[in-house]
$ cat coords39.cif   # mmCIF, C-alpha atoms
data_final
loop_
_atom_site.label_atom_id
_atom_site.label_comp_id
_atom_site.auth_asym_id
_atom_site.auth_seq_id
_atom_site.Cartn_x
_atom_site.Cartn_y
_atom_site.Cartn_z
CA MET A 290 35.04 56.41 13.96
CA GLN A 291 32.79 58.51 16.31
CA PRO A 292 30.02 56.62 18.18
CA HIS A 293 27.11 58.34 16.39
CA ARG A 294 28.80 57.88 13.03
CA GLU A 295 29.34 54.25 13.79
CA ASP A 296 25.65 53.90 14.74
CA ARG A 297 24.61 55.54 11.51
CA ALA A 298 26.88 53.31 9.47
CA ALA A 299 25.58 50.25 11.36
CA ASN A 300 21.99 51.26 10.65
CA ILE A 301 22.74 51.70 6.96
CA VAL A 302 24.44 48.31 6.78
CA LEU A 303 21.53 46.75 8.70
CA ALA A 304 18.99 48.26 6.32
CA ALA A 305 20.97 47.13 3.27
CA LEU A 306 21.48 43.55 4.47
CA CYS A 307 17.89 43.20 5.72
CA ALA A 308 16.63 44.49 2.38
CA ALA A 309 18.88 42.00 0.55
CA SER A 310 17.57 39.13 2.71
CA VAL A 311 13.94 40.12 2.20
CA ILE A 312 14.45 40.47 -1.56
CA VAL A 313 15.99 36.98 -1.63
CA MET A 314 12.95 35.69 0.28
CA PHE A 315 10.51 37.26 -2.14
CA LEU A 316 12.29 36.38 -5.37
CA PRO A 317 11.02 33.28 -7.16
CA MET A 318 14.11 31.15 -7.61
CA ALA A 319 15.21 30.11 -11.09
CA ARG A 320 15.55 26.40 -11.80
CA PRO A 321 19.38 26.44 -11.98
CA ILE A 322 19.54 28.15 -8.57
CA ARG A 323 17.15 25.61 -7.04
CA ALA A 324 19.18 22.80 -8.60
CA PHE A 325 22.41 24.32 -7.23
CA ARG A 326 20.93 24.64 -3.72
CA ALA A 327 19.69 21.06 -3.82
CA ALA A 328 23.06 19.78 -5.05
CA VAL A 329 24.97 21.73 -2.37
CA ALA A 330 22.54 20.61 0.34
CA HIS A 331 22.87 17.01 -0.79
CA VAL A 332 26.67 17.14 -0.93
CA PHE A 333 27.04 18.70 2.51
CA GLU A 334 24.08 17.14 4.24
CA PRO A 335 22.68 14.07 2.43
CA MET A 336 20.21 13.47 5.27
CA THR A 337 18.32 16.57 4.10
CA PHE A 338 16.54 14.40 1.57
CA ALA A 339 16.29 11.24 3.63
CA GLY A 340 13.86 12.31 6.33
CA ALA A 341 10.11 12.45 6.53
CA GLU A 342 9.97 15.71 4.59
CA ALA A 343 12.14 14.32 1.78
CA THR A 344 9.28 13.95 -0.70
CA GLU A 345 8.13 17.50 -0.10
CA ARG A 346 11.67 18.87 -0.39
CA LEU A 347 12.45 16.88 -3.50
CA ALA A 348 9.29 18.14 -5.17
CA LEU A 349 10.83 21.62 -5.22
CA VAL A 350 13.99 20.40 -6.94
CA PRO A 351 14.20 20.45 -10.76
CA ALA A 352 13.76 17.04 -12.40
CA ARG A 353 17.36 16.32 -13.41
CA ALA A 354 18.84 17.32 -10.06
CA ARG A 355 16.08 15.29 -8.39
CA GLN A 356 16.98 12.23 -10.48
CA LEU A 357 20.63 12.56 -9.47
CA ILE A 358 19.80 12.96 -5.79
CA VAL A 359 17.35 10.04 -5.82
CA ALA A 360 19.93 7.89 -7.62
CA ASP A 361 22.54 8.76 -4.98
CA LEU A 362 20.10 8.01 -2.14
CA GLU A 363 19.27 4.66 -3.74
CA TYR A 364 22.97 3.96 -4.17
CA ARG A 365 23.56 4.58 -0.46
CA ALA A 366 20.62 2.36 0.49
CA LEU A 367 21.88 -0.39 -1.83
CA ARG A 368 25.37 -0.17 -0.35
CA GLU A 369 23.88 -0.77 3.08
CA GLU A 370 21.89 -3.70 1.70
CA ILE A 371 24.99 -5.14 0.05
CA ALA A 372 26.83 -4.91 3.36
CA ALA A 373 24.00 -6.91 4.93
CA VAL A 374 24.05 -9.42 2.09
CA GLY A 375 27.63 -10.37 2.98
CA LEU A 376 26.44 -11.46 6.41
CA LEU A 377 23.48 -13.31 4.92
CA LYS A 378 25.76 -15.12 2.48
CA ALA A 379 27.98 -16.28 5.32
CA GLU A 380 24.92 -17.44 7.28
CA ARG A 381 23.57 -19.22 4.21
CA ALA A 382 26.85 -21.01 3.60
CA SER A 383 26.97 -22.09 7.23
CA LEU A 384 23.35 -23.32 7.15
CA MET A 385 23.92 -25.15 3.86
CA ALA A 386 26.94 -26.90 5.31
CA GLU A 387 24.93 -27.85 8.40
CA ASN A 388 22.03 -29.01 6.22
CA ALA A 389 24.37 -31.14 4.12
CA ARG A 390 25.81 -32.77 7.26
CA LEU A 391 22.35 -33.47 8.68
CA ALA A 392 21.07 -34.78 5.34
CA ALA A 393 24.11 -37.03 5.05
CA SER A 394 23.58 -38.37 8.58
CA LEU A 395 19.92 -39.12 7.75
CA GLY A 396 20.84 -40.66 4.42
CA LEU A 397 18.80 -38.08 2.47
CA LYS A 398 19.70 -37.08 -1.04
CA THR A 399 21.02 -33.50 -0.97
CA VAL A 400 19.54 -30.90 -3.27
CA GLU A 401 22.00 -29.65 -5.83
CA GLY A 402 22.59 -25.92 -5.97
CA ARG A 403 21.22 -24.10 -8.98
CA SER A 404 22.43 -21.03 -10.77
CA VAL A 405 20.26 -18.29 -12.22
CA LEU A 406 20.25 -17.19 -15.85
CA TRP A 407 18.29 -14.06 -16.75
CA GLY A 408 16.58 -13.69 -20.08
CA ARG A 409 14.45 -11.02 -21.73
CA VAL A 410 10.99 -11.66 -23.11
CA MET A 411 11.27 -11.14 -26.85
CA GLU A 412 7.97 -12.35 -28.21
CA ARG A 413 4.38 -13.02 -27.17
CA ASP A 414 1.80 -14.79 -29.28
CA PRO A 415 -1.50 -12.88 -28.98
CA ALA A 416 -3.37 -16.13 -29.66
CA ARG A 417 -1.61 -17.74 -26.70
CA TRP A 418 -1.41 -14.74 -24.38
CA TYR A 419 -1.81 -16.72 -21.13
CA ASN A 420 0.11 -19.75 -22.38
CA SER A 421 3.69 -18.96 -23.27
CA VAL A 422 6.36 -16.36 -23.94
CA MET A 423 9.63 -16.54 -25.89
CA VAL A 424 12.85 -15.47 -24.18
CA ASP A 425 16.17 -14.50 -25.75
CA VAL A 426 18.36 -17.21 -24.17
CA GLY A 427 18.67 -20.76 -25.43
CA SER A 428 20.85 -23.85 -25.44
CA ARG A 429 23.91 -21.72 -26.28
CA GLU A 430 23.58 -20.13 -22.83
CA GLY A 431 22.90 -23.51 -21.27
CA VAL A 432 19.11 -23.36 -20.79
CA PRO A 433 17.88 -26.87 -19.93
CA LEU A 434 14.48 -28.23 -20.88
CA ASN A 435 11.88 -28.16 -18.10
CA ALA A 436 13.87 -25.64 -16.02
CA ALA A 437 11.92 -23.58 -13.48
CA THR A 438 11.31 -20.01 -14.59
CA LEU A 439 10.72 -17.23 -12.11
CA GLY A 440 9.88 -13.55 -12.31
CA TYR A 441 10.66 -10.64 -10.01
CA VAL A 442 7.54 -8.67 -9.10
CA ASP A 443 7.44 -5.95 -6.42
CA GLY A 444 10.66 -7.14 -4.84
CA GLN A 445 9.53 -10.77 -4.64
CA LEU A 446 10.26 -13.86 -6.72
CA VAL A 447 7.17 -15.41 -8.32
CA VAL A 448 6.65 -18.58 -10.33
CA LEU A 449 6.20 -17.90 -14.04
CA GLY A 450 6.36 -21.38 -15.55
CA ARG A 451 8.87 -23.79 -16.98
CA ILE A 452 10.95 -24.11 -20.13
CA ALA A 453 8.96 -26.08 -22.69
CA GLU A 454 11.12 -25.70 -25.81
CA VAL A 455 14.77 -24.80 -26.29
CA SER A 456 16.46 -23.69 -29.50
CA GLU A 457 20.01 -22.40 -29.90
CA ARG A 458 19.22 -18.76 -29.14
CA THR A 459 15.70 -18.76 -27.77
CA SER A 460 13.49 -20.70 -25.39
CA LYS A 461 9.77 -20.96 -24.89
CA VAL A 462 8.44 -20.55 -21.36
CA LEU A 463 5.20 -22.42 -20.72
CA LEU A 464 3.45 -20.13 -18.28
CA VAL A 465 1.82 -21.54 -15.19
CA THR A 466 -1.49 -20.19 -16.56
CA ASP A 467 -1.37 -22.62 -19.50
CA GLU A 468 -3.84 -25.54 -19.38
CA LEU A 469 -0.96 -28.02 -19.52
CA SER A 470 0.86 -26.48 -16.54
CA SER A 471 0.64 -27.83 -13.03
CA VAL A 472 2.74 -27.12 -9.94
CA ALA A 473 2.69 -28.81 -6.54
CA ALA A 474 1.74 -26.04 -4.12
CA SER A 475 0.78 -25.30 -0.56
CA LEU A 476 -1.18 -22.56 1.17
CA SER A 477 1.24 -20.47 3.22
CA ALA A 478 -1.46 -19.55 5.76
CA GLY A 479 -3.68 -22.58 5.25
CA THR A 480 -4.92 -24.60 8.21
CA CYS A 481 -7.20 -27.58 8.68
CA GLY A 482 -10.63 -27.17 10.25
CA LYS A 483 -10.66 -27.34 14.06
CA GLU A 484 -13.31 -29.99 14.25
CA ALA A 485 -11.33 -32.41 12.13
CA LEU A 486 -7.88 -32.23 13.59
CA PRO A 487 -5.93 -35.27 12.70
CA PRO A 488 -2.61 -35.31 14.53
CA ALA A 489 -0.75 -35.99 11.33
CA GLY A 490 -3.37 -36.88 8.76
CA PRO A 491 -3.59 -35.90 5.10
CA CYS A 492 -4.15 -32.34 6.18
CA GLY A 493 -0.89 -32.34 8.05
CA ASP A 494 -0.46 -31.20 11.66
CA ASN A 495 -2.56 -28.07 11.30
CA ALA A 496 0.49 -25.83 11.08
CA ALA A 497 0.60 -23.01 8.55
CA GLY A 498 1.97 -24.00 5.16
CA THR A 499 0.95 -27.63 5.35
CA VAL A 500 -2.22 -27.59 3.24
CA GLU A 501 -1.01 -29.08 0.01
CA GLY A 502 -2.66 -28.99 -3.39
CA LEU A 503 -1.99 -28.80 -7.10
CA ILE A 504 -2.03 -25.57 -9.06
CA GLN A 505 -3.37 -26.06 -12.57
CA GLY A 506 -3.51 -23.55 -15.40
CA GLN A 507 -6.86 -22.71 -16.98
CA GLY A 508 -5.71 -20.92 -20.13
CA THR A 509 -7.05 -17.70 -18.58
CA GLU A 510 -5.56 -15.16 -16.20
CA ARG A 511 -6.66 -17.24 -13.19
CA LEU A 512 -5.35 -20.54 -11.82
CA ARG A 513 -7.14 -23.33 -10.03
CA MET A 514 -5.82 -25.06 -6.92
CA ASN A 515 -7.22 -28.59 -6.71
CA TYR A 516 -6.92 -31.47 -4.25
CA LEU A 517 -7.06 -29.29 -1.15
CA HIS A 518 -8.07 -31.25 1.93
CA SER A 519 -11.84 -31.15 2.36
CA GLU A 520 -11.48 -29.68 5.87
CA ALA A 521 -8.84 -27.10 4.93
CA VAL A 522 -9.72 -23.49 5.69
CA VAL A 523 -9.19 -21.44 2.54
CA ARG A 524 -9.46 -17.67 2.80
CA PRO A 525 -9.24 -15.09 0.00
CA GLY A 526 -5.83 -13.45 0.05
CA ASP A 527 -3.99 -16.52 1.39
CA GLU A 528 -0.62 -16.89 -0.32
CA VAL A 529 -0.04 -19.96 -2.48
CA VAL A 530 3.60 -21.00 -2.65
CA THR A 531 5.49 -23.84 -4.24
CA SER A 532 5.54 -27.03 -2.24
CA ALA A 533 8.61 -28.83 -0.99
CA THR A 534 7.35 -31.81 -3.00
CA SER A 535 7.69 -29.96 -6.31
CA ALA A 536 10.25 -31.63 -8.55
CA THR A 537 10.90 -28.49 -10.59
CA PHE A 538 10.56 -25.48 -8.30
CA PRO A 539 12.37 -24.66 -5.05
CA PRO A 540 9.96 -24.56 -2.09
CA GLY A 541 8.35 -21.37 -0.80
CA ILE A 542 8.26 -19.39 -4.06
CA LEU A 543 5.08 -17.35 -4.49
CA ILE A 544 2.64 -18.65 -7.11
CA GLY A 545 -0.27 -16.37 -6.35
CA ARG A 546 -3.02 -15.52 -3.89
CA VAL A 547 -6.37 -17.17 -3.31
CA ALA A 548 -9.10 -15.19 -5.06
CA LYS A 549 -11.98 -17.33 -3.77
CA GLY A 550 -12.70 -20.83 -2.54
CA TYR A 551 -15.19 -22.87 -4.55
CA ALA A 552 -18.22 -24.29 -2.77
CA ARG A 553 -17.52 -27.80 -1.48
CA ASP A 554 -18.88 -30.57 -3.64
CA PRO A 555 -20.30 -33.33 -1.37
CA PHE A 556 -19.39 -35.93 -4.01
CA LEU A 557 -15.70 -35.00 -3.99
CA THR A 558 -13.17 -35.74 -1.29
CA PHE A 559 -11.27 -32.49 -1.89
CA GLN A 560 -12.03 -28.84 -2.40
CA SER A 561 -10.73 -26.28 -4.91
CA ALA A 562 -9.87 -22.59 -4.95
CA GLU A 563 -9.39 -19.94 -7.60
CA VAL A 564 -5.95 -18.39 -7.47
CA ARG A 565 -4.81 -15.06 -8.85
CA PRO A 566 -1.23 -15.48 -10.21
CA GLY A 567 1.56 -13.41 -8.64
CA PHE A 568 2.38 -11.89 -12.03
CA ALA A 569 0.51 -10.30 -14.90
CA PRO A 570 1.36 -12.24 -18.07
CA ALA A 571 1.36 -9.06 -20.15
CA SER A 572 3.84 -7.29 -17.87
CA VAL A 573 6.58 -9.95 -17.77
CA LYS A 574 9.75 -8.46 -19.24
CA GLU A 575 12.61 -10.44 -17.69
CA VAL A 576 12.66 -14.00 -16.47
CA ALA A 577 15.05 -15.88 -14.18
CA ILE A 578 15.76 -19.43 -15.31
CA LEU A 579 17.02 -21.87 -12.68
CA ARG A 580 19.44 -24.35 -14.17
CA MET B 65 37.52 46.87 11.13
CA SER B 66 41.11 47.32 12.22
CA GLY B 67 43.04 44.09 12.32
CA LEU B 68 40.48 42.29 10.17
CA THR B 69 42.07 42.15 6.76
CA TYR B 70 40.10 40.81 3.81
CA PHE B 71 42.16 37.64 3.92
CA ARG B 72 41.42 37.09 7.62
CA MET B 73 37.73 37.82 7.07
CA THR B 74 37.54 35.36 4.20
CA ALA B 75 39.45 32.75 6.20
CA LEU B 76 37.11 33.26 9.17
CA PHE B 77 34.05 32.93 6.97
CA VAL B 78 35.28 29.74 5.28
CA LEU B 79 36.55 28.14 8.50
CA GLY B 80 33.33 29.00 10.33
CA SER B 81 31.20 27.48 7.55
CA LEU B 82 33.33 24.33 7.39
CA ALA B 83 33.36 23.94 11.18
CA HIS B 84 29.57 24.24 11.27
CA TRP B 85 29.16 21.67 8.51
CA TRP B 86 31.65 19.28 10.13
CA TRP B 87 30.01 19.58 13.53
CA THR B 88 26.44 19.06 12.29
CA THR B 89 27.53 16.14 10.11
CA TYR B 90 29.86 14.24 12.41
CA LEU B 91 29.32 15.48 15.95
CA SER B 92 25.56 15.77 16.35
CA PHE B 93 24.00 13.66 19.07
CA TRP B 94 20.37 12.57 18.65
CA GLY B 95 20.20 14.97 15.68
CA VAL B 96 21.15 17.96 17.86
CA ALA B 97 24.17 20.10 17.07
CA PRO B 98 25.08 23.61 18.26
CA GLN B 99 24.24 26.66 16.16
CA LEU B 100 27.92 27.34 15.62
CA LEU B 101 27.39 30.15 13.11
CA LEU B 102 24.87 31.87 15.37
CA VAL B 103 27.30 31.78 18.30
CA LEU B 104 30.12 32.98 16.05
CA THR B 105 27.96 35.94 14.98
CA PHE B 106 27.37 36.73 18.68
CA VAL B 107 31.12 36.53 19.32
CA ALA B 108 31.90 38.78 16.34
CA ALA B 109 29.33 41.31 17.57
CA ALA B 110 30.64 41.22 21.12
CA ARG B 111 34.24 41.66 20.07
CA ARG B 112 34.00 43.78 16.92
CA GLY B 113 30.69 45.59 17.04
CA PRO B 114 27.60 45.45 14.85
CA ILE B 115 29.01 46.11 11.36
CA PRO B 116 31.46 43.18 11.06
CA ALA B 117 28.95 40.98 12.92
CA MET B 118 26.17 41.83 10.47
CA CYS B 119 28.46 41.16 7.49
CA PHE B 120 29.52 37.80 8.88
CA GLY B 121 25.96 37.00 9.99
CA PHE B 122 24.55 37.73 6.53
CA ALA B 123 27.19 35.62 4.78
CA TRP B 124 26.92 32.70 7.22
CA GLY B 125 23.14 32.97 7.04
CA LEU B 126 23.30 32.52 3.27
CA VAL B 127 25.44 29.41 3.81
CA LEU B 128 22.81 28.03 6.21
CA ASP B 129 20.06 28.92 3.75
CA VAL B 130 21.77 27.12 0.90
CA TYR B 131 22.53 23.87 2.57
CA ALA B 132 19.60 23.55 4.93
CA LEU B 133 17.11 24.04 2.07
CA HIS B 134 14.63 26.07 4.12
CA LEU B 135 13.31 29.48 3.10
CA MET B 136 16.13 31.23 1.27
CA GLY B 137 17.07 34.43 3.09
CA ALA B 138 15.54 33.51 6.47
CA ALA B 139 18.76 32.59 8.26
CA SER B 140 20.68 35.48 6.68
CA LEU B 141 18.07 37.98 7.92
CA ALA B 142 18.01 36.37 11.38
CA LEU B 143 21.80 36.38 11.76
CA THR B 144 22.07 39.96 10.45
CA LEU B 145 19.58 41.10 13.07
CA ALA B 146 21.38 39.04 15.75
CA GLY B 147 24.67 40.74 14.86
CA TRP B 148 23.07 44.18 15.04
CA LEU B 149 21.30 43.50 18.35
CA VAL B 150 24.28 42.00 20.15
CA GLY B 151 26.57 44.67 18.68
CA ASN B 152 24.39 47.37 20.27
CA ILE B 153 23.72 45.50 23.52
CA ARG B 154 27.42 45.14 24.21
CA ARG B 155 27.55 48.81 25.26
CA GLN B 156 25.08 48.16 28.07
CA VAL B 157 25.97 44.57 28.99
CA ASP B 158 29.35 43.02 29.70
CA VAL B 159 29.18 40.20 27.18
CA SER B 160 32.65 38.95 28.09
CA SER B 161 31.62 37.37 31.39
CA ILE B 162 30.00 33.96 31.34
CA ALA B 163 26.65 34.69 33.01
CA PRO B 164 25.33 37.49 30.76
CA GLN B 165 26.88 35.72 27.79
CA SER B 166 24.92 32.55 28.56
CA VAL B 167 21.65 34.42 29.10
CA LEU B 168 22.16 36.30 25.86
CA ILE B 169 22.91 33.15 23.89
CA LEU B 170 20.08 31.20 25.48
CA LEU B 171 17.53 33.87 24.64
CA GLY B 172 19.16 34.57 21.28
CA THR B 173 18.96 30.92 20.18
CA TRP B 174 15.29 30.61 21.09
CA THR B 175 14.56 33.91 19.36
CA PHE B 176 16.45 32.67 16.30
CA PHE B 177 14.33 29.48 16.13
CA LEU B 178 11.06 31.34 16.63
CA PHE B 179 11.99 34.10 14.18
CA THR B 180 13.01 31.72 11.36
CA GLY B 181 9.91 29.63 12.11
CA LEU B 182 7.69 32.68 11.84
CA LEU B 183 9.36 33.73 8.58
CA GLY B 184 8.51 30.24 7.26
CA LEU B 185 4.92 30.76 8.36
CA VAL B 186 4.71 34.11 6.58
CA PHE B 187 6.45 33.13 3.34
CA GLU B 188 5.80 29.41 3.03
CA LYS B 189 2.61 29.03 5.09
CA ARG B 190 4.45 26.51 7.27
CA PHE B 191 6.05 27.15 10.65
CA GLY B 192 9.66 25.96 10.42
CA TRP B 193 9.69 24.10 13.72
CA PRO B 194 13.15 22.63 14.48
CA GLY B 195 11.73 19.96 16.81
CA TRP B 196 11.59 19.87 20.62
CA GLY B 197 15.00 18.21 20.92
CA MET B 198 16.70 20.94 18.95
CA PHE B 199 14.64 23.71 20.56
CA LEU B 200 15.49 22.65 24.12
CA LEU B 201 19.01 21.25 23.79
CA ALA B 202 20.66 23.46 21.17
CA PRO B 203 20.56 26.64 23.36
CA VAL B 204 22.34 24.74 26.16
CA TYR B 205 24.83 23.37 23.68
CA ASN B 206 25.41 26.92 22.38
CA CYS B 207 25.97 28.25 25.92
CA VAL B 208 28.61 25.61 26.54
CA LEU B 209 30.27 26.35 23.22
CA ALA B 210 30.27 30.15 23.56
CA PRO B 211 33.21 30.56 26.02
CA VAL B 212 35.29 28.25 23.81
CA LEU B 213 34.52 30.30 20.72
CA PHE B 214 35.26 33.55 22.57
CA TRP B 215 38.62 32.10 23.57
CA VAL B 216 39.34 30.89 20.01
CA TRP B 217 38.32 34.28 18.58
CA ASP B 218 40.58 36.15 21.02
CA LEU B 219 43.42 33.81 20.17
CA ALA B 220 42.99 33.84 16.38
CA VAL B 221 41.62 37.32 15.61
CA GLU B 222 42.28 39.70 18.45
CA SER B 223 45.86 38.67 19.21
#

$ encode --input "coords39.cif" --output "structure tokens"
Amino acid sequence: MQPHREDRAANIVLAALCAASVIVMFLPMARPIRAFRAAVAHVFEPMTFAGAEATERLALVPARARQLIVADLEYRALREEIAAVGLLKAERASLMAENARLAASLGLKTVEGRSVLWGRVMERDPARWYNSVMVDVGSREGVPLNAATLGYVDGQLVVLGRIAEVSERTSKVLLVTDELSSVAASLSAGTCGKEALPPAGPCGDNAAGTVEGLIQGQGTERLRMNYLHSEAVVRPGDEVVTSATSATFPPGILIGRVAKGYARDPFLTFQSAEVRPGFAPASVKEVAILR
Amino acid sequence: MSGLTYFRMTALFVLGSLAHWWWTTYLSFWGVAPQLLLVLTFVAAARRGPIPAMCFGFAWGLVLDVYALHLMGAASLALTLAGWLVGNIRRQVDVSSIAPQSVLILLGTWTFFLFTGLLGLVFEKRFGWPGWGMFLLAPVYNCVLAPVLFWVWDLAVES
């Protein structure tokens, strides 16, 4: 091919390919093409959708392809979490063994391990909205009376109530918001007042999590925490968790958060606080029963 | 395109795309990997002239466009132009020796980043900035890679 002919041919090819590229840039892409690009990008480079611009990039992807990609990303994240859980399980087993040895050397009664049984909420009585719910597991599945019942809200376990009635196929959960419910609790961030610092008095040693009280249901969406030490500092937003002294619930499970502290009554030796439960009674769909 | 049969061209295209994917996926350090397909387009232009380089550049550009999810057509346009430019420059500059090769690739990589970024600004109202790490390190990476790719090309295609 002569040099000038080659130049001419090169210029023609350049013009054609540049035109093709520009047309591709201008063309609005059809949904199947966008889905194909997203799928190819995800297969060859999954990190494309895992960075800071992931949300923006995923917004351009058609819904079904987006669902698949998000599901795959979640699957990868869960696999990493599961890998970490193996280590945690080993650590837990080691700590439990150590705890059992220490408890045995101190002569303490060891806490028996409990298993979890999940049930679905199948019925709510509108007249007793804040009092109880029915779940679809019963004595046939081995639900014991008075078992602790927990919920899973925003990635955290919360106290729901306890089993009040058991039939063969169903059970009734008495919610912690019921007037008859009470749970031994402590403020996770609670401290005693500075001016009244007993070294190890009824308010404890002033460390976080030592202000004990009793959560009582009111038959409404709010709870009341009574018997708080009169010098305890109660702040709105403080977490209320189950106490180690609770006979039914394991310690450290979230019950709710302090909504407000009631004004101190000079005739009472304790103070009270209003607590917002960690769950919305109307939104409970599954419950975990500890047996 | 003497010596470049359709089979060899297809094999080159597929192997180049796979090598780029493998390198960016498994051999990138601190998120930085060489622009293998850009360097390969330079090599094709230096060895075979503008027409094969533009064809390869366009096809590899489409591959980059598909799996990098940026503006569709940006990389294909940039690599086509790179193939044309280097294919014409080779008459004036000896692109076989290391020094001019490195200067060409250094400048070419920065131009590639700025050009695709500007296309993003024009078409998507967002400058497609690759990040300082990529912008500063990738050209050096490409310069180091270029002699190897020239050698591989001579061995696999020109022999």

$ residues_near_point --input "coords39.cif" --point "(20.6, 40.3, 28.1)" --cutoff "12 Å" --atoms "all atoms listed in the file" --output "PyMOL selection string"
chain B and resi 149-159+161-172

$ resolve_selection --input "coords39.cif" --expression "the PyMOL selection byres ((chain B) within 6 of (chain A))" --output "PyMOL selection string"
chain B and resi 115+130-131+136-137+141

$ write_last_selection --input "coords39.cif" --atoms "C-alpha atoms" --output "PDB file, in the frame of the given file"
ATOM      1  CA  ILE B 115      29.010  46.110  11.360  1.00  0.00           C
ATOM      2  CA  VAL B 130      21.770  27.120   0.900  1.00  0.00           C
ATOM      3  CA  TYR B 131      22.530  23.870   2.570  1.00  0.00           C
ATOM      4  CA  MET B 136      16.130  31.230   1.270  1.00  0.00           C
ATOM      5  CA  GLY B 137      17.070  34.430   3.090  1.00  0.00           C
ATOM      6  CA  LEU B 141      18.070  37.980   7.920  1.00  0.00           C
TER       7      LEU B 141
END

$ resolve_selection --input "coords39.cif" --expression "the PyMOL selection byres ((chain A and resi 418-420) around 12)" --output "tab-separated table (two decimals) with C-alpha atoms, in the frame of the given file"
chain	number	residue	atom	x	y	z
A	412	GLU	CA	7.97	-12.35	-28.21
A	413	ARG	CA	4.38	-13.02	-27.17
A	414	ASP	CA	1.80	-14.79	-29.28
A	415	PRO	CA	-1.50	-12.88	-28.98
A	416	ALA	CA	-3.37	-16.13	-29.66
A	417	ARG	CA	-1.61	-17.74	-26.70
A	421	SER	CA	3.69	-18.96	-23.27
A	422	VAL	CA	6.36	-16.36	-23.94
A	423	MET	CA	9.63	-16.54	-25.89
A	449	LEU	CA	6.20	-17.90	-14.04
A	450	GLY	CA	6.36	-21.38	-15.55
A	451	ARG	CA	8.87	-23.79	-16.98
A	452	ILE	CA	10.95	-24.11	-20.13
A	453	ALA	CA	8.96	-26.08	-22.69
A	461	LYS	CA	9.77	-20.96	-24.89
A	462	VAL	CA	8.44	-20.55	-21.36
A	463	LEU	CA	5.20	-22.42	-20.72
A	464	LEU	CA	3.45	-20.13	-18.28
A	465	VAL	CA	1.82	-21.54	-15.19
A	466	THR	CA	-1.49	-20.19	-16.56
A	467	ASP	CA	-1.37	-22.62	-19.50
A	468	GLU	CA	-3.84	-25.54	-19.38
A	469	LEU	CA	-0.96	-28.02	-19.52
A	470	SER	CA	0.86	-26.48	-16.54
A	506	GLY	CA	-3.51	-23.55	-15.40
A	507	GLN	CA	-6.86	-22.71	-16.98
A	508	GLY	CA	-5.71	-20.92	-20.13
A	509	THR	CA	-7.05	-17.70	-18.58
A	510	GLU	CA	-5.56	-15.16	-16.20
A	511	ARG	CA	-6.66	-17.24	-13.19
A	512	LEU	CA	-5.35	-20.54	-11.82
A	566	PRO	CA	-1.23	-15.48	-10.21
A	568	PHE	CA	2.38	-11.89	-12.03
A	569	ALA	CA	0.51	-10.30	-14.90
A	570	PRO	CA	1.36	-12.24	-18.07
A	571	ALA	CA	1.36	-9.06	-20.15
A	572	SER	CA	3.84	-7.29	-17.87
A	573	VAL	CA	6.58	-9.95	-17.77

$ residues_around --input "coords39.cif" --residues "region 72-82 of chain B" --least-positions-apart "2" --cutoff "12 Å" --atoms "all atoms listed in the file" --output "PyMOL selection string"
(chain A and resi 333) or (chain B and resi 65-70+84-90+99-105+107-108+116-117+119-131+213+216-217+220-222)

$ atom_distance --input "coords39.cif" --atom1 "CA of Asn515 (chain A)" --atom2 "CA of Pro540 (chain A)"
18.2 Å

$ residues_around --input "coords39.cif" --residues "Ala577 (chain A)" --least-positions-apart "3" --cutoff "6 Å" --atoms "only C-alpha atoms" --output "count of residues only"
5

$ resolve_selection --input "coords39.cif" --expression "the PyMOL selection byres ((chain B and resi 174-177) around 8)" --output "PyMOL selection string"
chain B and resi 142-143+170-173+178-181+193-194+199+203

$ closest_residue --input "coords39.cif" --among "A:Ala533, A:Ala548, A:Ile504, A:Val447" --to "Gly567 (chain A)" --atoms "only C-alpha atoms"
A:Val447

$ atom_distance --input "coords39.cif" --atom1 "CA of Arg320 (chain A)" --atom2 "CA of Gly184 (chain B)"
20.7 Å

$ atom_distance --input "coords39.cif" --atom1 "CA of Trp148 (chain B)" --atom2 "CA of Phe106 (chain B)"
9.3 Å

$ residues_around --input "coords39.cif" --residues "Val564 (chain A)" --least-positions-apart "4" --cutoff "10 Å" --atoms "all atoms listed in the file" --output "tab-separated table (two decimals) with C-alpha atoms, keeping the file's coordinate frame"
chain	number	residue	atom	x	y	z
A	504	ILE	CA	-2.03	-25.57	-9.06
A	505	GLN	CA	-3.37	-26.06	-12.57
A	506	GLY	CA	-3.51	-23.55	-15.40
A	510	GLU	CA	-5.56	-15.16	-16.20
A	511	ARG	CA	-6.66	-17.24	-13.19
A	512	LEU	CA	-5.35	-20.54	-11.82
A	513	ARG	CA	-7.14	-23.33	-10.03
A	514	MET	CA	-5.82	-25.06	-6.92
A	525	PRO	CA	-9.24	-15.09	0.00
A	526	GLY	CA	-5.83	-13.45	0.05
A	527	ASP	CA	-3.99	-16.52	1.39
A	528	GLU	CA	-0.62	-16.89	-0.32
A	529	VAL	CA	-0.04	-19.96	-2.48
A	544	ILE	CA	2.64	-18.65	-7.11
A	545	GLY	CA	-0.27	-16.37	-6.35
A	546	ARG	CA	-3.02	-15.52	-3.89
A	547	VAL	CA	-6.37	-17.17	-3.31
A	548	ALA	CA	-9.10	-15.19	-5.06
A	549	LYS	CA	-11.98	-17.33	-3.77
A	550	GLY	CA	-12.70	-20.83	-2.54

$ residues_around --input "coords39.cif" --residues "Ser460 (chain A)" --least-positions-apart "6" --cutoff "7 Å" --atoms "only C-alpha atoms" --output "compact mmCIF listing (two decimals) with C-alpha atoms, in the coordinates of the input"
# COMPACT_ATOMS: atom_id res chain seq x y z
CA MET A 423 9.63 -16.54 -25.89
CA VAL A 424 12.85 -15.47 -24.18
CA ASP A 425 16.17 -14.50 -25.75
CA VAL A 426 18.36 -17.21 -24.17
CA GLY A 427 18.67 -20.76 -25.43
CA ILE A 452 10.95 -24.11 -20.13
CA GLU A 454 11.12 -25.70 -25.81
